[in-house]
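A.B. asks: Handing over my_file.txt, compact mmCIF, N, CA and C atoms.
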```
# COMPACT_ATOMS: atom_id res chain seq x y z
N MET D 1 9.37 -3.11 8.33
CA MET D 1 8.20 -2.48 7.77
C MET D 1 7.07 -3.49 7.77
N LEU D 2 5.94 -3.05 8.27
CA LEU D 2 4.72 -3.85 8.24
C LEU D 2 3.86 -3.34 7.09
N VAL D 3 3.39 -4.26 6.24
CA VAL D 3 2.53 -3.90 5.12
C VAL D 3 1.25 -4.72 5.25
N VAL D 4 0.12 -4.02 5.33
CA VAL D 4 -1.17 -4.70 5.48
C VAL D 4 -2.14 -4.16 4.42
N LYS D 5 -3.26 -4.86 4.29
CA LYS D 5 -4.26 -4.45 3.31
C LYS D 5 -5.65 -4.51 3.91
N VAL D 6 -6.48 -3.56 3.46
CA VAL D 6 -7.90 -3.54 3.76
C VAL D 6 -8.56 -3.48 2.38
N VAL D 7 -9.06 -4.63 1.93
CA VAL D 7 -9.53 -4.75 0.55
C VAL D 7 -10.82 -5.54 0.48
N ASP D 8 -11.54 -5.35 -0.63
CA ASP D 8 -12.70 -6.19 -0.88
C ASP D 8 -12.24 -7.60 -1.20
N GLU D 9 -13.03 -8.57 -0.81
CA GLU D 9 -12.66 -9.98 -0.92
C GLU D 9 -12.35 -10.40 -2.36
N ASP D 10 -13.05 -9.86 -3.33
CA ASP D 10 -12.87 -10.31 -4.71
C ASP D 10 -11.54 -9.92 -5.34
N ILE D 11 -10.81 -8.99 -4.74
CA ILE D 11 -9.50 -8.59 -5.27
C ILE D 11 -8.38 -8.83 -4.25
N ALA D 12 -8.69 -9.48 -3.17
CA ALA D 12 -7.72 -9.65 -2.07
C ALA D 12 -6.43 -10.33 -2.52
N ASP D 13 -6.52 -11.31 -3.39
CA ASP D 13 -5.32 -12.03 -3.83
C ASP D 13 -4.39 -11.17 -4.69
N LYS D 14 -4.91 -10.13 -5.30
CA LYS D 14 -4.09 -9.27 -6.16
C LYS D 14 -3.20 -8.33 -5.36
N VAL D 15 -3.59 -7.97 -4.16
CA VAL D 15 -2.85 -7.00 -3.35
C VAL D 15 -1.79 -7.78 -2.55
N ASP D 16 -0.58 -7.80 -3.09
CA ASP D 16 0.51 -8.63 -2.59
C ASP D 16 1.37 -7.85 -1.58
N THR D 17 1.00 -7.94 -0.33
CA THR D 17 1.72 -7.20 0.72
C THR D 17 3.12 -7.75 0.95
N LYS D 18 3.33 -9.03 0.76
CA LYS D 18 4.66 -9.61 0.94
C LYS D 18 5.65 -9.05 -0.08
N TYR D 19 5.19 -8.91 -1.30
CA TYR D 19 6.04 -8.34 -2.36
C TYR D 19 6.54 -6.95 -1.94
N ILE D 20 5.64 -6.11 -1.47
CA ILE D 20 6.02 -4.75 -1.07
C ILE D 20 6.94 -4.80 0.15
N SER D 21 6.62 -5.63 1.10
CA SER D 21 7.45 -5.76 2.29
C SER D 21 8.87 -6.18 1.91
N ASP D 22 9.00 -7.12 0.98
CA ASP D 22 10.31 -7.57 0.52
C ASP D 22 11.08 -6.45 -0.18
N GLN D 23 10.38 -5.59 -0.94
CA GLN D 23 11.02 -4.49 -1.66
C GLN D 23 11.59 -3.42 -0.73
N PHE D 24 10.96 -3.28 0.43
CA PHE D 24 11.34 -2.20 1.35
C PHE D 24 11.81 -2.72 2.70
N MET D 25 12.44 -3.88 2.72
CA MET D 25 12.89 -4.44 4.00
C MET D 25 13.94 -3.56 4.67
N HIS D 26 14.56 -2.66 3.92
CA HIS D 26 15.56 -1.74 4.47
C HIS D 26 14.93 -0.51 5.13
N VAL D 27 13.62 -0.33 4.94
CA VAL D 27 12.92 0.83 5.52
C VAL D 27 12.40 0.46 6.90
N HIS D 28 12.77 1.23 7.89
CA HIS D 28 12.36 0.96 9.26
C HIS D 28 11.46 2.09 9.77
N ASP D 29 10.74 1.83 10.83
CA ASP D 29 9.87 2.82 11.47
C ASP D 29 8.79 3.36 10.54
N THR D 30 8.34 2.52 9.60
CA THR D 30 7.28 2.90 8.67
C THR D 30 6.41 1.69 8.39
N ASP D 31 5.10 1.88 8.40
CA ASP D 31 4.14 0.85 8.01
C ASP D 31 3.30 1.38 6.86
N ILE D 32 2.87 0.48 5.98
CA ILE D 32 2.02 0.86 4.85
C ILE D 32 0.72 0.08 4.95
N ILE D 33 -0.38 0.78 4.77
CA ILE D 33 -1.71 0.17 4.74
C ILE D 33 -2.30 0.47 3.37
N TYR D 34 -2.55 -0.59 2.59
CA TYR D 34 -3.20 -0.44 1.29
C TYR D 34 -4.70 -0.59 1.48
N ILE D 35 -5.46 0.36 0.92
CA ILE D 35 -6.91 0.33 0.95
C ILE D 35 -7.40 0.16 -0.49
N CYS D 36 -8.25 -0.84 -0.73
CA CYS D 36 -8.83 -1.02 -2.05
C CYS D 36 -10.22 -1.62 -1.88
N THR D 37 -11.20 -0.75 -1.84
CA THR D 37 -12.59 -1.17 -1.69
C THR D 37 -13.46 -0.43 -2.70
N ARG D 38 -14.64 -0.96 -2.93
CA ARG D 38 -15.57 -0.30 -3.84
C ARG D 38 -15.92 1.11 -3.36
N GLU D 39 -15.93 1.30 -2.05
CA GLU D 39 -16.29 2.59 -1.47
C GLU D 39 -15.16 3.62 -1.59
N GLY D 40 -13.97 3.17 -1.85
CA GLY D 40 -12.83 4.09 -1.95
C GLY D 40 -12.24 4.37 -0.59
N GLY D 41 -11.44 5.38 -0.52
CA GLY D 41 -10.80 5.74 0.74
C GLY D 41 -9.87 6.92 0.56
N GLU D 42 -9.45 7.46 1.66
CA GLU D 42 -8.57 8.62 1.67
C GLU D 42 -7.14 8.18 1.94
N GLU D 43 -6.19 8.84 1.29
CA GLU D 43 -4.80 8.61 1.61
C GLU D 43 -4.47 9.45 2.84
N ASP D 44 -3.57 8.94 3.64
CA ASP D 44 -3.22 9.63 4.88
C ASP D 44 -1.78 9.29 5.24
N ASP D 45 -1.23 10.02 6.16
CA ASP D 45 0.15 9.84 6.60
C ASP D 45 0.27 10.46 7.98
N TRP D 46 0.70 9.68 8.95
CA TRP D 46 0.87 10.21 10.30
C TRP D 46 1.90 9.37 11.04
N VAL D 47 2.35 9.88 12.17
CA VAL D 47 3.27 9.16 13.04
C VAL D 47 2.49 8.77 14.28
N ASP D 48 2.49 7.47 14.61
CA ASP D 48 1.72 7.02 15.77
C ASP D 48 2.49 7.28 17.06
N GLU D 49 1.88 6.91 18.17
CA GLU D 49 2.46 7.19 19.48
C GLU D 49 3.79 6.47 19.73
N SER D 50 4.07 5.42 18.94
CA SER D 50 5.34 4.69 19.07
C SER D 50 6.43 5.27 18.18
N GLY D 51 6.09 6.31 17.41
CA GLY D 51 7.07 6.90 16.51
C GLY D 51 7.14 6.22 15.15
N ILE D 52 6.18 5.36 14.86
CA ILE D 52 6.14 4.65 13.59
C ILE D 52 5.29 5.46 12.60
N ARG D 53 5.86 5.72 11.44
CA ARG D 53 5.11 6.44 10.39
C ARG D 53 4.10 5.47 9.76
N GLN D 54 2.86 5.90 9.69
CA GLN D 54 1.78 5.12 9.09
C GLN D 54 1.39 5.78 7.77
N ILE D 55 1.49 5.02 6.68
CA ILE D 55 1.14 5.54 5.35
C ILE D 55 -0.04 4.75 4.83
N VAL D 56 -1.13 5.45 4.53
CA VAL D 56 -2.32 4.82 3.95
C VAL D 56 -2.31 5.14 2.46
N ILE D 57 -2.32 4.08 1.64
CA ILE D 57 -2.31 4.23 0.19
C ILE D 57 -3.61 3.67 -0.37
N HIS D 58 -4.32 4.50 -1.10
CA HIS D 58 -5.57 4.08 -1.74
C HIS D 58 -5.26 3.53 -3.13
N LEU D 59 -5.72 2.33 -3.41
CA LEU D 59 -5.61 1.75 -4.75
C LEU D 59 -6.97 1.84 -5.41
N PRO D 60 -7.04 2.31 -6.66
CA PRO D 60 -8.33 2.46 -7.34
C PRO D 60 -8.95 1.10 -7.66
N TYR D 61 -10.09 0.83 -7.05
CA TYR D 61 -10.74 -0.48 -7.14
C TYR D 61 -10.96 -0.93 -8.59
N LYS D 62 -11.52 -0.07 -9.43
CA LYS D 62 -11.82 -0.47 -10.81
C LYS D 62 -10.56 -0.84 -11.58
N GLU D 63 -9.49 -0.10 -11.35
CA GLU D 63 -8.22 -0.40 -12.02
C GLU D 63 -7.63 -1.71 -11.51
N VAL D 64 -7.67 -1.92 -10.22
CA VAL D 64 -7.16 -3.16 -9.63
C VAL D 64 -7.95 -4.35 -10.15
N LYS D 65 -9.24 -4.21 -10.24
CA LYS D 65 -10.12 -5.28 -10.73
C LYS D 65 -9.75 -5.64 -12.18
N ARG D 66 -9.39 -4.65 -12.98
CA ARG D 66 -9.13 -4.83 -14.40
C ARG D 66 -7.73 -5.40 -14.70
N ILE D 67 -6.74 -5.02 -13.91
CA ILE D 67 -5.35 -5.39 -14.17
C ILE D 67 -5.03 -6.74 -13.51
N ALA D 68 -4.31 -7.59 -14.25
CA ALA D 68 -3.96 -8.92 -13.73
C ALA D 68 -2.91 -8.85 -12.62
N ASP D 69 -1.87 -8.04 -12.81
CA ASP D 69 -0.78 -7.96 -11.83
C ASP D 69 -0.60 -6.49 -11.43
N ILE D 70 -0.96 -6.17 -10.20
CA ILE D 70 -0.91 -4.77 -9.75
C ILE D 70 0.33 -4.45 -8.91
N ARG D 71 1.26 -5.37 -8.83
CA ARG D 71 2.44 -5.12 -7.99
C ARG D 71 3.21 -3.88 -8.41
N SER D 72 3.33 -3.62 -9.72
CA SER D 72 4.06 -2.42 -10.16
C SER D 72 3.32 -1.15 -9.74
N LEU D 73 2.00 -1.16 -9.77
CA LEU D 73 1.20 -0.03 -9.29
C LEU D 73 1.42 0.18 -7.80
N MET D 74 1.37 -0.90 -7.04
CA MET D 74 1.59 -0.83 -5.60
C MET D 74 2.98 -0.28 -5.29
N LEU D 75 3.98 -0.78 -6.02
CA LEU D 75 5.36 -0.35 -5.80
C LEU D 75 5.54 1.12 -6.13
N ALA D 76 4.96 1.56 -7.25
CA ALA D 76 5.08 2.96 -7.64
C ALA D 76 4.45 3.89 -6.61
N LYS D 77 3.27 3.53 -6.12
CA LYS D 77 2.60 4.36 -5.12
C LYS D 77 3.39 4.40 -3.81
N ALA D 78 3.95 3.26 -3.41
CA ALA D 78 4.75 3.21 -2.18
C ALA D 78 6.01 4.06 -2.33
N ARG D 79 6.70 3.94 -3.46
CA ARG D 79 7.91 4.74 -3.70
C ARG D 79 7.60 6.23 -3.63
N GLU D 80 6.50 6.61 -4.26
CA GLU D 80 6.10 8.02 -4.25
C GLU D 80 5.86 8.52 -2.82
N ARG D 81 5.11 7.76 -2.06
CA ARG D 81 4.76 8.18 -0.69
C ARG D 81 5.98 8.15 0.23
N LEU D 82 6.93 7.28 -0.06
CA LEU D 82 8.15 7.21 0.76
C LEU D 82 9.19 8.25 0.32
N GLY D 83 8.90 8.95 -0.76
CA GLY D 83 9.83 9.96 -1.25
C GLY D 83 11.01 9.37 -1.99
N LEU D 84 10.81 8.21 -2.61
CA LEU D 84 11.89 7.52 -3.31
C LEU D 84 11.79 7.66 -4.82
N VAL D 85 11.00 8.61 -5.29
CA VAL D 85 10.83 8.83 -6.73
C VAL D 85 11.89 9.79 -7.19
N ALA D 86 12.55 9.42 -8.29
CA ALA D 86 13.63 10.27 -8.81
C ALA D 86 13.10 11.46 -9.56
```
Could I get this file's structure written as structure tokens?
C.D. replies:
Amino acid sequence: MLVVKVVDEDIADKVDTKYISDQFMHVHDTDIIYICTREGGEEDDWVDESGIRQIVIHLPYKEVKRIADIRSLMLAKARERLGLVA
């Protein structure tokens, strides 16, 4: 699983892509793109031409800015989008 981020510079250190990648190392053929910018963004989900599922997760900028550790938020959103919520 490839996990990347498109974020504003002032919150870039808070969006821990390695943490998420480590949590889902058993998930294959799926990539996650976290978006967290002042302008916002749309969530999306598609399968690319290589058969890899691409999941775009929008993180709310104001909330990310306010919270010291957002890894639990990132993890919860990823679990939900991957269908791993009980």
A.B. asks: From the options D:Ile11, D:Leu59, D:Thr30, D:Leu84, which residue's atoms come nearest to Asp45 in chain D, counting only C-alpha atoms?
C.D. replies: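 Nearest candidate to Asp45 in chain D out of D:Ile11, D:Leu59, D:Thr30, D:Leu84: D:Thr30.
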A.B. asks: What separation in Å, quoted to one decimal, exists between CA of Ile20 in chain D and CA of Lys5 in chain D?
C.D. replies: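 If I compute the distance from CA of Ile20 in chain D to CA of Lys5 in chain D, I get 11.2 Å.
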A.B. asks: Could you tell me how far CA of Gln23 in chain D lies from CA of Asp69 in chain D, in Å and to one decimal?
C.D. replies: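 Distance between the two atoms: 16.0 Å.
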A.B. asks: So how many Å separate atom N of Gly83 in chain D and atom N of Ile32 in chain D, to one decimal?
C.D. replies: 12.4 Å
A.B. asks: Determine which residues of range 13-84 of chain D DSSP labels as alpha helix (DSSP H) from the backbone of this structure, then write them out as a PyMOL selection string.
C.D. replies: chain D and resi 17-23+61-66+71-82
